[in-house]
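A.B. asks: For reference, this is query08.txt, and it has compact mmCIF, C-alpha atoms and all ligand atoms.
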```txt
# COMPACT_ATOMS: atom_id res chain seq x y z
CA MET A 28 -2.14 -13.72 -20.58
CA ALA A 29 0.39 -12.92 -17.83
CA ASP A 30 0.72 -15.37 -14.94
CA LEU A 31 -0.54 -13.52 -11.89
CA SER A 32 0.38 -16.13 -9.31
CA VAL A 33 3.18 -15.25 -6.89
CA GLU A 34 5.09 -17.09 -4.19
CA VAL A 35 5.93 -15.20 -1.02
CA ALA A 36 8.02 -16.95 1.65
CA GLY A 37 6.91 -20.32 0.31
CA ILE A 38 3.20 -19.44 0.23
CA ARG A 39 1.66 -19.51 -3.27
CA PHE A 40 -1.08 -16.96 -4.00
CA ARG A 41 -3.27 -17.12 -7.12
CA ASN A 42 -2.68 -13.41 -7.59
CA PRO A 43 -0.65 -10.77 -5.69
CA VAL A 44 -3.59 -8.79 -4.25
CA LEU A 45 -4.23 -9.64 -0.59
CA THR A 46 -6.50 -8.29 2.09
CA ALA A 47 -4.93 -6.25 4.90
CA ALA A 48 -5.79 -6.13 8.59
CA GLY A 49 -8.77 -3.80 9.01
CA PRO A 50 -12.54 -3.71 8.53
CA PRO A 51 -12.45 -5.69 5.24
CA SER A 52 -10.83 -8.57 7.19
CA GLN A 53 -12.77 -8.08 10.42
CA ASN A 54 -14.12 -11.66 10.57
CA GLY A 55 -14.42 -14.89 8.61
CA SER A 56 -17.33 -13.81 6.47
CA ALA A 57 -15.62 -10.54 5.43
CA LEU A 58 -12.56 -12.58 4.42
CA LEU A 59 -14.77 -15.02 2.51
CA ALA A 60 -16.35 -12.09 0.65
CA ALA A 61 -12.85 -10.85 -0.29
CA ALA A 62 -11.94 -14.31 -1.57
CA ARG A 63 -15.11 -14.50 -3.66
CA ALA A 64 -14.42 -11.02 -5.05
CA GLY A 65 -11.01 -12.08 -6.37
CA ALA A 66 -8.39 -11.57 -3.63
CA GLY A 67 -5.28 -13.68 -4.14
CA GLY A 68 -4.86 -14.41 -0.44
CA LEU A 69 -6.24 -13.44 2.94
CA VAL A 70 -4.68 -11.50 5.79
CA ALA A 71 -6.95 -11.30 8.83
CA LYS A 72 -7.60 -8.48 11.29
CA THR A 73 -5.03 -8.26 14.11
CA ILE A 74 -5.93 -10.16 17.25
CA SER A 75 -4.43 -9.77 20.69
CA VAL A 76 -4.71 -11.38 24.09
CA GLU A 77 -7.53 -9.03 25.06
CA PRO A 78 -10.23 -7.86 22.62
CA ALA A 79 -9.84 -4.17 21.73
CA LYS A 80 -12.18 -1.57 23.21
CA VAL A 81 -12.62 0.42 20.02
CA PRO A 82 -13.44 4.14 20.50
CA ARG A 83 -16.20 5.64 18.29
CA PRO A 84 -16.37 7.32 15.85
CA THR A 85 -13.73 5.05 14.34
CA MET A 86 -13.10 6.38 10.82
CA ALA A 87 -13.07 9.69 8.96
CA ALA A 88 -12.42 10.34 5.27
CA LEU A 89 -9.91 13.08 4.42
CA ASP A 90 -12.13 14.49 1.65
CA ARG A 91 -15.84 14.74 1.03
CA GLY A 92 -17.82 14.18 -2.14
CA MET A 93 -17.57 12.57 -5.54
CA THR A 94 -15.24 13.22 -8.45
CA ASP A 95 -14.90 12.31 -12.10
CA PHE A 96 -11.40 11.45 -13.13
CA SER A 97 -9.45 10.00 -15.98
CA ILE A 98 -6.38 7.84 -15.98
CA TYR A 99 -4.02 8.23 -18.90
CA TYR A 100 -1.13 5.98 -19.66
CA ALA A 101 1.29 5.44 -22.50
CA LEU A 102 0.84 2.29 -24.55
CA GLY A 103 3.16 1.61 -27.48
CA GLY A 104 3.58 5.31 -28.26
CA ARG A 105 -0.17 5.92 -27.95
CA ILE A 106 -1.98 7.49 -25.03
CA VAL A 107 -4.82 5.43 -23.62
CA ARG A 108 -7.47 7.14 -21.54
CA ARG A 109 -9.66 5.30 -19.04
CA THR A 110 -12.37 7.27 -17.31
CA ARG A 111 -13.94 6.47 -13.99
CA THR A 112 -16.92 8.54 -13.06
CA LYS A 113 -18.63 9.39 -9.82
CA MET A 114 -16.24 7.40 -7.68
CA PHE A 115 -15.56 8.56 -4.17
CA THR A 116 -11.82 9.10 -4.10
CA PRO A 117 -10.59 10.57 -0.84
CA ARG A 118 -6.84 10.82 -0.47
CA GLY A 119 -7.08 8.78 2.67
CA LEU A 120 -8.71 7.93 5.96
CA LEU A 121 -8.02 8.47 9.63
CA ASN A 122 -8.89 5.55 11.89
CA ILE A 123 -8.75 4.55 15.52
CA GLU A 124 -9.88 0.95 15.08
CA LEU A 125 -6.98 -0.52 17.08
CA TRP A 126 -7.17 -4.33 16.79
CA SER A 127 -10.01 -6.89 16.72
CA ASP A 128 -12.78 -6.45 19.27
CA LEU A 129 -13.50 -10.18 19.04
CA PRO A 130 -11.87 -12.47 21.63
CA TYR A 131 -8.96 -14.47 20.20
CA GLN A 132 -10.79 -17.71 21.06
CA ARG A 133 -13.59 -16.71 18.69
CA TRP A 134 -11.02 -16.36 15.88
CA LEU A 135 -9.52 -19.76 16.73
CA ASP A 136 -12.88 -21.53 16.96
CA VAL A 137 -14.84 -19.82 14.17
CA GLU A 138 -13.42 -16.98 12.09
CA TYR A 139 -10.22 -18.62 10.78
CA LYS A 140 -12.22 -21.75 9.82
CA VAL A 141 -14.73 -19.68 7.83
CA ALA A 142 -11.90 -17.84 6.06
CA LYS A 143 -10.05 -21.08 5.33
CA SER A 144 -13.16 -22.53 3.70
CA SER A 145 -12.32 -20.21 0.76
CA GLY A 146 -9.37 -22.44 -0.09
CA LEU A 147 -7.04 -19.41 -0.25
CA PRO A 148 -3.90 -19.09 1.87
CA LEU A 149 -4.71 -17.42 5.18
CA ILE A 150 -2.30 -15.26 7.16
CA ALA A 151 -3.28 -14.40 10.73
CA SER A 152 -2.25 -11.08 12.24
CA VAL A 153 -1.21 -10.93 15.89
CA GLY A 154 0.00 -8.26 18.31
CA TYR A 155 1.68 -6.87 20.32
CA THR A 156 4.22 -7.71 23.08
CA ALA A 157 6.69 -10.60 23.14
CA ASP A 158 4.55 -12.30 25.81
CA ASP A 159 1.38 -11.80 23.72
CA LEU A 160 3.05 -13.45 20.71
CA ARG A 161 4.49 -16.33 22.74
CA PHE A 162 0.95 -16.97 24.00
CA LEU A 163 -0.98 -16.46 20.74
CA GLY A 164 1.51 -17.72 18.13
CA PRO A 165 1.22 -21.47 18.83
CA LYS A 166 -2.59 -21.26 19.16
CA VAL A 167 -2.94 -19.47 15.84
CA GLN A 168 -0.57 -21.94 14.15
CA GLU A 169 -2.60 -24.81 15.61
CA ALA A 170 -5.72 -23.27 14.01
CA GLY A 171 -4.12 -24.08 10.64
CA VAL A 172 -3.15 -20.69 9.24
CA ASP A 173 -0.49 -20.60 6.50
CA GLY A 174 1.51 -17.74 7.98
CA ILE A 175 1.49 -15.14 10.74
CA GLU A 176 1.91 -11.39 10.36
CA PHE A 177 2.89 -9.61 13.59
CA SER A 178 2.05 -5.96 13.98
CA LEU A 179 4.75 -3.62 15.28
CA HIS A 180 2.23 -0.82 15.82
CA TYR A 181 1.75 0.66 19.30
CA VAL A 182 5.08 -0.83 20.54
CA GLY A 183 7.47 2.08 20.03
CA ILE A 184 9.73 3.39 17.30
CA ASP A 185 13.15 2.26 18.55
CA TYR A 186 13.83 -0.99 16.71
CA LYS A 187 16.02 -2.74 19.30
CA PRO A 188 13.19 -3.70 21.72
CA LEU A 189 11.11 -4.78 18.71
CA LEU A 190 13.66 -7.50 17.92
CA GLU A 191 12.66 -9.27 21.15
CA ILE A 192 9.07 -9.39 19.88
CA ALA A 193 10.19 -10.91 16.57
CA LYS A 194 12.39 -13.45 18.36
CA ALA A 195 9.53 -14.45 20.68
CA LEU A 196 7.29 -15.30 17.73
CA ARG A 197 10.08 -17.00 15.76
CA GLU A 198 10.83 -19.28 18.71
CA SER A 199 7.12 -20.13 19.15
CA VAL A 200 6.01 -21.17 15.65
CA ASP A 201 7.27 -22.90 12.49
CA VAL A 202 4.97 -21.28 9.88
CA PRO A 203 6.31 -18.31 7.89
CA ILE A 204 6.21 -15.09 9.92
CA PHE A 205 5.96 -11.56 8.52
CA ALA A 206 6.94 -8.39 10.39
CA LYS A 207 4.44 -5.62 9.67
CA LEU A 208 6.38 -2.37 9.97
CA SER A 209 5.03 0.93 11.14
CA PRO A 210 6.33 3.85 9.09
CA HIS A 211 7.82 5.48 12.21
CA ILE A 212 10.43 2.85 13.04
CA LEU A 213 13.94 4.31 13.33
CA GLY A 214 16.94 2.56 11.78
CA LEU A 215 14.96 0.77 9.11
CA THR A 216 17.84 -0.84 7.20
CA GLU A 217 19.53 -2.19 10.33
CA PHE A 218 16.17 -3.38 11.65
CA ALA A 219 15.29 -5.22 8.45
CA LYS A 220 18.72 -6.90 8.38
CA GLU A 221 18.32 -7.98 12.01
CA LEU A 222 14.87 -9.37 11.29
CA GLU A 223 16.34 -11.38 8.42
CA ARG A 224 19.06 -12.71 10.75
CA ILE A 225 16.48 -13.72 13.37
CA GLY A 226 14.65 -15.81 10.79
CA VAL A 227 11.65 -13.61 9.99
CA ASP A 228 10.40 -14.80 6.57
CA GLY A 229 9.04 -11.57 5.11
CA ILE A 230 8.24 -7.89 5.68
CA VAL A 231 4.89 -6.16 5.30
CA ALA A 232 5.25 -2.40 4.78
CA VAL A 233 3.56 -0.30 6.04
CA ASN A 234 0.99 0.24 8.75
CA SER A 235 -0.87 3.55 9.03
CA LEU A 236 0.90 6.84 9.84
CA GLY A 237 0.42 9.04 12.86
CA PRO A 238 -1.00 9.83 15.26
CA THR A 239 -2.95 12.44 13.30
CA LEU A 240 -5.94 14.71 13.97
CA MET A 241 -8.95 16.10 12.08
CA ILE A 242 -11.34 18.71 13.44
CA ASP A 243 -14.90 19.44 12.32
CA ILE A 244 -14.79 23.26 12.05
CA GLU A 245 -18.59 23.53 12.42
CA THR A 246 -18.44 22.03 15.93
CA GLY A 247 -14.79 22.41 16.96
CA ARG A 248 -14.74 18.73 17.86
CA PRO A 249 -12.35 16.04 16.65
CA LEU A 250 -13.80 13.66 14.05
CA LEU A 251 -12.59 10.57 15.88
CA GLY A 252 -13.32 9.30 19.37
CA GLY A 253 -9.85 8.25 20.54
CA LYS A 254 -7.61 9.79 23.19
CA MET A 255 -6.81 13.37 22.04
CA GLY A 256 -9.15 12.67 19.09
CA GLU A 257 -6.21 11.00 17.41
CA GLY A 258 -6.25 8.52 14.55
CA TRP A 259 -3.91 6.94 12.01
CA LEU A 260 -3.64 7.97 8.39
CA SER A 261 -3.98 5.43 5.55
CA GLY A 262 -4.85 5.38 1.85
CA PRO A 263 -3.34 7.11 -1.21
CA ALA A 264 -1.82 9.90 0.93
CA ILE A 265 0.68 7.42 2.44
CA LYS A 266 1.55 5.50 -0.74
CA PRO A 267 4.85 7.33 -1.39
CA LEU A 268 5.91 6.65 2.20
CA ALA A 269 5.06 2.96 1.89
CA LEU A 270 6.90 2.71 -1.43
CA ARG A 271 10.06 4.13 0.06
CA VAL A 272 10.01 1.72 2.98
CA VAL A 273 9.44 -1.20 0.57
CA ALA A 274 12.34 -0.04 -1.62
CA GLU A 275 14.71 0.40 1.33
CA VAL A 276 13.97 -3.10 2.64
CA ALA A 277 14.18 -4.64 -0.84
CA LYS A 278 17.50 -2.92 -1.55
CA ASN A 279 19.11 -4.01 1.70
CA THR A 280 17.81 -7.52 2.40
CA SER A 281 16.74 -10.55 0.44
CA LEU A 282 13.50 -10.84 2.40
CA PRO A 283 10.28 -10.88 0.37
CA VAL A 284 8.26 -7.71 0.92
CA ILE A 285 4.50 -7.21 0.79
CA GLY A 286 3.62 -3.58 0.03
CA VAL A 287 0.62 -1.94 1.70
CA GLY A 288 -0.43 1.70 1.73
CA GLY A 289 -2.68 3.45 -0.73
CA VAL A 290 -3.14 0.76 -3.36
CA THR A 291 -6.35 1.46 -5.30
CA SER A 292 -5.39 0.41 -8.83
CA GLY A 293 -3.31 -2.02 -10.84
CA ALA A 294 -0.90 0.83 -11.59
CA ASP A 295 -0.35 1.39 -7.84
CA ALA A 296 0.44 -2.30 -7.42
CA ILE A 297 2.89 -2.25 -10.33
CA GLU A 298 4.65 0.67 -8.65
CA PHE A 299 5.05 -1.45 -5.50
CA PHE A 300 6.37 -4.39 -7.53
CA MET A 301 8.91 -2.11 -9.21
CA ALA A 302 10.01 -0.97 -5.72
CA GLY A 303 10.66 -4.61 -4.87
CA ALA A 304 7.35 -5.91 -3.46
CA SER A 305 6.22 -9.45 -4.30
CA ALA A 306 2.57 -8.76 -3.46
CA VAL A 307 0.33 -5.99 -2.13
CA GLU A 308 -2.31 -5.73 0.56
CA ILE A 309 -5.30 -3.37 0.38
CA CYS A 310 -7.23 -1.94 3.33
CA THR A 311 -8.51 1.62 2.76
CA GLY A 312 -9.36 0.98 -0.90
CA ALA A 313 -11.49 -1.98 0.15
CA ILE A 314 -13.22 0.03 2.88
CA LEU A 315 -14.25 2.69 0.36
CA GLU A 316 -14.97 0.52 -2.67
CA GLY A 317 -15.93 -2.82 -1.14
CA PRO A 318 -14.39 -6.25 -1.76
CA GLY A 319 -14.71 -5.89 -5.54
CA ILE A 320 -11.46 -3.90 -5.44
CA TYR A 321 -9.34 -7.06 -5.02
CA GLY A 322 -10.48 -8.64 -8.29
CA ARG A 323 -10.42 -5.28 -10.11
CA VAL A 324 -6.84 -4.51 -9.06
CA ALA A 325 -5.73 -8.06 -9.94
CA ARG A 326 -7.37 -7.70 -13.37
CA GLU A 327 -5.71 -4.33 -13.93
CA ILE A 328 -2.30 -5.80 -13.01
CA GLY A 329 -2.86 -8.56 -15.58
CA GLU A 330 -3.91 -6.06 -18.27
CA TRP A 331 -0.92 -3.83 -17.60
CA LEU A 332 1.53 -6.73 -17.73
CA ASP A 333 -0.04 -7.99 -20.99
CA GLU A 334 -0.05 -4.56 -22.58
CA HIS A 335 3.60 -4.02 -21.70
CA GLY A 336 4.71 -7.48 -22.81
CA TYR A 337 5.60 -8.96 -19.40
CA ASP A 338 4.79 -12.56 -18.48
CA SER A 339 4.57 -12.24 -14.69
CA VAL A 340 4.94 -9.98 -11.68
CA GLU A 341 8.46 -11.35 -11.28
CA ASP A 342 9.42 -9.70 -14.60
CA VAL A 343 8.94 -6.20 -13.13
CA ARG A 344 9.77 -6.87 -9.47
CA GLY A 345 12.54 -4.59 -8.22
CA MET A 346 12.89 -2.90 -11.62
CA ALA A 347 13.16 0.58 -10.05
CA LEU A 348 15.83 -0.34 -7.50
CA LYS A 349 18.72 0.10 -9.92
CA TYR A 350 17.54 3.66 -10.61
CA LEU A 351 17.63 4.67 -6.93
CA PRO A 352 20.99 6.40 -6.57
CA GLU A 353 23.05 6.34 -3.38
CA ASP A 354 23.72 10.10 -3.67
CA TYR A 355 21.87 13.30 -4.58
CA GLN A 356 21.81 14.16 -8.30
CA TYR A 357 22.80 17.67 -9.44
CA GLU A 358 22.73 17.22 -13.21
CA VAL A 359 20.04 19.53 -14.63
CA ARG A 360 17.81 18.05 -17.32
CA ASN A 361 14.97 19.97 -18.91
CA PRO A 362 11.83 18.26 -20.12
CA GLY A 363 10.60 18.41 -23.69
CA VAL A 364 7.10 18.30 -25.17
CA ASP A 365 5.75 15.76 -27.66
CA PRO A 366 3.30 17.95 -29.66
CA ASP A 367 1.46 14.86 -30.94
CA LEU A 368 0.48 13.94 -27.39
CA CYS A 369 -0.08 17.48 -26.03
CA THR A 370 -3.73 18.46 -25.61
CA ALA A 371 -2.81 22.08 -24.74
CA CYS A 372 -4.70 21.72 -21.47
CA GLY A 373 -2.37 24.26 -19.81
CA LEU A 374 -1.85 22.36 -16.53
CA CYS A 375 1.94 22.49 -16.97
CA GLU A 376 1.83 26.27 -17.48
CA GLU A 377 -0.36 26.68 -14.42
CA VAL A 378 2.09 24.95 -12.06
CA CYS A 379 5.36 26.31 -13.52
CA ARG A 380 6.86 28.77 -11.00
CA TYR A 381 9.73 29.59 -13.39
CA ASP A 382 7.52 30.85 -16.26
CA ALA A 383 9.33 28.32 -18.40
CA ILE A 384 6.50 26.40 -20.02
CA LYS A 385 3.69 27.99 -21.99
CA VAL A 386 0.94 26.87 -24.32
CA VAL A 387 1.80 28.43 -27.70
CA GLU A 388 0.54 28.13 -31.25
CA VAL A 389 2.80 26.29 -33.71
CA ASP A 390 1.64 25.89 -37.33
CA GLY A 391 -1.92 26.72 -36.32
CA ARG A 392 -1.94 24.14 -33.53
CA LYS A 393 -1.74 24.77 -29.79
CA THR A 394 0.93 22.94 -27.81
CA ALA A 395 3.00 23.42 -24.68
CA SER A 396 6.55 24.59 -25.25
CA VAL A 397 9.51 24.73 -22.82
CA ASN A 398 11.86 27.72 -22.68
CA GLN A 399 15.09 25.81 -22.01
CA TYR A 400 16.82 28.96 -20.63
CA ALA A 401 14.15 29.67 -18.02
CA CYS A 402 13.51 26.03 -17.06
CA TYR A 403 14.94 25.02 -13.65
CA GLY A 404 14.48 21.31 -14.39
CA CYS A 405 12.25 20.92 -11.31
CA GLY A 406 10.18 18.27 -13.08
CA LEU A 407 6.79 19.21 -11.65
CA CYS A 408 5.21 19.74 -15.09
CA THR A 409 6.10 16.19 -16.15
CA THR A 410 4.10 14.84 -13.22
CA VAL A 411 0.94 16.90 -13.79
CA CYS A 412 0.75 16.33 -17.55
CA PRO A 413 -2.20 13.98 -18.04
CA THR A 414 -0.93 12.52 -21.32
CA ARG A 415 2.85 12.28 -20.65
CA ALA A 416 3.40 14.75 -23.51
CA VAL A 417 5.68 16.76 -21.21
CA ARG A 418 8.47 14.41 -20.15
CA PHE A 419 12.17 13.88 -19.71
CA VAL A 420 13.72 12.10 -22.64
CA ASP A 421 16.90 10.13 -21.88
C1 LIG B 501 -9.87 1.12 9.82
C2 LIG B 501 -8.51 0.50 9.77
C3 LIG B 501 -8.18 -0.53 10.66
C4 LIG B 501 -6.92 -1.11 10.64
N1 LIG B 501 -6.62 -2.13 11.50
C5 LIG B 501 -5.39 -2.71 11.47
C6 LIG B 501 -5.09 -3.79 12.32
O1 LIG B 501 -5.91 -4.30 13.07
N2 LIG B 501 -3.83 -4.28 12.27
C7 LIG B 501 -2.87 -3.80 11.40
O2 LIG B 501 -1.75 -4.31 11.38
N3 LIG B 501 -3.17 -2.79 10.56
C8 LIG B 501 -4.39 -2.25 10.58
N4 LIG B 501 -4.69 -1.23 9.71
C9 LIG B 501 -3.66 -0.77 8.77
C10 LIG B 501 -3.86 -1.40 7.38
O3 LIG B 501 -3.79 -2.82 7.43
C11 LIG B 501 -2.79 -0.89 6.40
O4 LIG B 501 -1.52 -1.28 6.82
C12 LIG B 501 -2.79 0.63 6.27
O5 LIG B 501 -4.08 1.15 6.39
C13 LIG B 501 -2.21 1.07 4.93
O6 LIG B 501 -2.88 0.45 3.85
P1 LIG B 501 -4.11 1.12 3.05
O7 LIG B 501 -3.67 2.46 2.60
O8 LIG B 501 -4.42 0.16 1.94
O9 LIG B 501 -5.22 1.21 4.04
C14 LIG B 501 -5.96 -0.65 9.71
C15 LIG B 501 -6.28 0.38 8.83
C16 LIG B 501 -7.54 0.95 8.84
C17 LIG B 501 -7.85 2.04 7.86
```
What does the file become when written as structure tokens?
Ligand SMILES: Cc1cc2nc3c(=O)[nH]c(=O)nc-3n(C[C@H](O)[C@H](O)[C@H](O)COP(=O)(O)O)c2cc1C
C.D. replies:
Amino acid sequence: MADLSVEVAGIRFRNPVLTAAGPPSQNGSALLAAARAGAGGLVAKTISVEPAKVPRPTMAALDRGMTDFSIYYALGGRIVRRTRTKMFTPRGLLNIELWSDLPYQRWLDVEYKVAKSSGLPLIASVGYTADDLRFLGPKVQEAGVDGIEFSLHYVGIDYKPLLEIAKALRESVDVPIFAKLSPHILGLTEFAKELERIGVDGIVAVNSLGPTLMIDIETGRPLLGGKMGEGWLSGPAIKPLALRVVAEVAKNTSLPVIGVGGVTSGADAIEFFMAGASAVEICTGAILEGPGIYGRVAREIGEWLDEHGYDSVEDVRGMALKYLPEDYQYEVRNPGVDPDLCTACGLCEEVCRYDAIKVVEVDGRKTASVNQYACYGCGLCTTVCPTRAVRFVD
């Protein structure tokens, strides 16, 4: 059985699946529920000097309805299929929840204590200006939290002024501090290096993306109640963005990184570890599925590590970084088809805009087949194939 425990900036978590700031961490009892449901550590909702006045409606799902879906993955040359049925799986959410609508004193007096009664490490989240952090940092530390995440949302995209915010918190507290990056920040590599120099202990990447807008076409009104109807996008739709930020920070600094953005399965978490993350946080997944997601994702990470012969998260951490080239690649490679794995479902043929892959009959059996002369090597078919029968072979 793989060891799921991880250490991030000196804080040891029983597993690498943490809560993220948002509704599933909105108060002490929500955090306690996450702990009971299997989270490895707790990150609380962001607090600020003034409680937020949260506009309503606050959240909207990108998609409606229920779906059946299967997950396929390769295991020792075999294809394993796991089916989940009737699970609501929107690609993401828009939200305008801002920060906590509870006064900070309430968190200091009550909510952090309730969360700490779980026995798990607790990371507070604070925002937003340098003055806010100088004021709140020492109070939050005094409340006995194990670390402090500071949110760089709502404070601009130019990184230079943000360094003053990081410095203000660093000078105010001794516990590990984590900079939570928004995906919009310009000059990411330089920023991350500067944060490392200032003495920030870790990076959390990323916050939600936006601002964004959704309109109900039956009424013509925005779905959310914020200024301009705007909200921030989270969930599976932003996972590739989060992964890239994690990889860029991991490649260019030695800071530990916590990945957040679209994690809903053990496989998602493994992808973040391969990009260099030491742990993941989950927000949208926990809103849609409830706190049970933390234990489920941790279990799935353990199963995946066991099935692939790894002993710990550390064994796969950063594995993808060596494959991320500094320059564009122009070498054309065409995929092949493993007829033993092909189910002749035709998805590859459907998406091929080069008419290069077709389901054909070979020896009385249907299988996809690639015309190597027509194939552009675009790779799309390899990513839609549900059984990995269509793939690049090194
Ligand atoms: C409803 C909602 C409220 C959120 N509130 C906060 C917050 O108070 N502070 C913060 O740093 N991030 C907040 N976030 C961002 C999440 O913590 C997370 O960074 C982002 O949603 C991406 O992760 P996910 O795809 O797992 O949701 C919130 C997200 C949602 C959906």
A.B. asks: How many Å lie between atom CA of A:Ile175 and atom CA of A:Phe205, rounded to one decimal?
C.D. replies: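 It comes out at 6.1 Å.
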A.B. asks: State, in Å with one decimal place, the distance from atom CA of A:Ile123 to atom O1 of ligand LIG 501 (chain B).
C.D. replies: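 Atom-to-atom, atom CA of A:Ile123 to atom O1 of ligand LIG 501 (chain B), that is 9.6 Å.
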A.B. asks: Using only C-alpha atoms and all ligand atoms, which residues of the polymer chains come no farther than 7 Å from ligand LIG 501 (chain B)? I'd like the answer as a VMD selection string.
C.D. replies: chain A and resid 47 to 50 72 to 73 86 120 to 127 152 178 180 207 233 to 235 261 to 263 265 to 266 287 to 290 308 to 312
A.B. asks: Pick out the closest residue to A:Arg344 from this set: A:Phe300, A:Tyr139, A:Tyr321, A:Phe218. Count all atoms listed in the file.
C.D. replies: A:Phe300
A.B. asks: Just want the 9 Å neighbourhood of stretch 148-150 of chain A, counted on only C-alpha atoms, with same-chain residues fewer than 3 positions away dropped. Output as a compact mmCIF listing (two decimals) with C-alpha atoms, in the coordinates of the input.
C.D. replies:
```
# COMPACT_ATOMS: atom_id res chain seq x y z
CA ILE A 38 3.20 -19.44 0.23
CA ARG A 39 1.66 -19.51 -3.27
CA PHE A 40 -1.08 -16.96 -4.00
CA GLY A 67 -5.28 -13.68 -4.14
CA GLY A 68 -4.86 -14.41 -0.44
CA LEU A 69 -6.24 -13.44 2.94
CA VAL A 70 -4.68 -11.50 5.79
CA ALA A 71 -6.95 -11.30 8.83
CA TYR A 139 -10.22 -18.62 10.78
CA ALA A 142 -11.90 -17.84 6.06
CA LYS A 143 -10.05 -21.08 5.33
CA SER A 145 -12.32 -20.21 0.76
CA GLY A 171 -4.12 -24.08 10.64
CA VAL A 172 -3.15 -20.69 9.24
CA ASP A 173 -0.49 -20.60 6.50
CA GLY A 174 1.51 -17.74 7.98
CA ILE A 175 1.49 -15.14 10.74
CA GLU A 176 1.91 -11.39 10.36
CA ILE A 204 6.21 -15.09 9.92
```
A.B. asks: Env of A:Asp228: 12 Å cut, atoms = all atoms listed in the file, seq-sep filter 3 positions within chain, self excluded. Answer as an mmCIF file with C-alpha atoms, in the coordinates of the input.
C.D. replies:
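File produced: around_22.cif:
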```cif
data_model
loop_
_atom_site.group_PDB
_atom_site.id
_atom_site.type_symbol
_atom_site.label_atom_id
_atom_site.label_comp_id
_atom_site.auth_asym_id
_atom_site.auth_seq_id
_atom_site.Cartn_x
_atom_site.Cartn_y
_atom_site.Cartn_z
ATOM 1 C CA VAL A 35 5.930 -15.200 -1.020
ATOM 2 C CA ALA A 36 8.020 -16.950 1.650
ATOM 3 C CA GLY A 37 6.910 -20.320 0.310
ATOM 4 C CA ILE A 38 3.200 -19.440 0.230
ATOM 5 C CA GLY A 174 1.510 -17.740 7.980
ATOM 6 C CA ILE A 175 1.490 -15.140 10.740
ATOM 7 C CA GLU A 176 1.910 -11.390 10.360
ATOM 8 C CA PHE A 177 2.890 -9.610 13.590
ATOM 9 C CA ALA A 193 10.190 -10.910 16.570
ATOM 10 C CA LEU A 196 7.290 -15.300 17.730
ATOM 11 C CA ARG A 197 10.080 -17.000 15.760
ATOM 12 C CA VAL A 200 6.010 -21.170 15.650
ATOM 13 C CA ASP A 201 7.270 -22.900 12.490
ATOM 14 C CA VAL A 202 4.970 -21.280 9.880
ATOM 15 C CA PRO A 203 6.310 -18.310 7.890
ATOM 16 C CA ILE A 204 6.210 -15.090 9.920
ATOM 17 C CA PHE A 205 5.960 -11.560 8.520
ATOM 18 C CA ALA A 206 6.940 -8.390 10.390
ATOM 19 C CA LYS A 207 4.440 -5.620 9.670
ATOM 20 C CA ALA A 219 15.290 -5.220 8.450
ATOM 21 C CA LYS A 220 18.720 -6.900 8.380
ATOM 22 C CA GLU A 221 18.320 -7.980 12.010
ATOM 23 C CA LEU A 222 14.870 -9.370 11.290
ATOM 24 C CA GLU A 223 16.340 -11.380 8.420
ATOM 25 C CA ARG A 224 19.060 -12.710 10.750
ATOM 26 C CA ILE A 225 16.480 -13.720 13.370
ATOM 27 C CA VAL A 231 4.890 -6.160 5.300
ATOM 28 C CA THR A 280 17.810 -7.520 2.400
ATOM 29 C CA SER A 281 16.740 -10.550 0.440
ATOM 30 C CA LEU A 282 13.500 -10.840 2.400
ATOM 31 C CA PRO A 283 10.280 -10.880 0.370
ATOM 32 C CA VAL A 284 8.260 -7.710 0.920
ATOM 33 C CA ILE A 285 4.500 -7.210 0.790
#
```
A.B. asks: Using only C-alpha atoms, what residues lie at most 9 Å away from (10.3, 7.5, 20.2) (file coordinates), given as number ranges by chain?
C.D. replies: A: 183-185, 211-213
A.B. asks: What is the atom CA of A:Thr291-atom CA of A:Leu268 distance in Å, reported with one decimal?
C.D. replies: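 Taking atom CA of A:Thr291 as the start and atom CA of A:Leu268 as the end point, the length is 15.3 Å.
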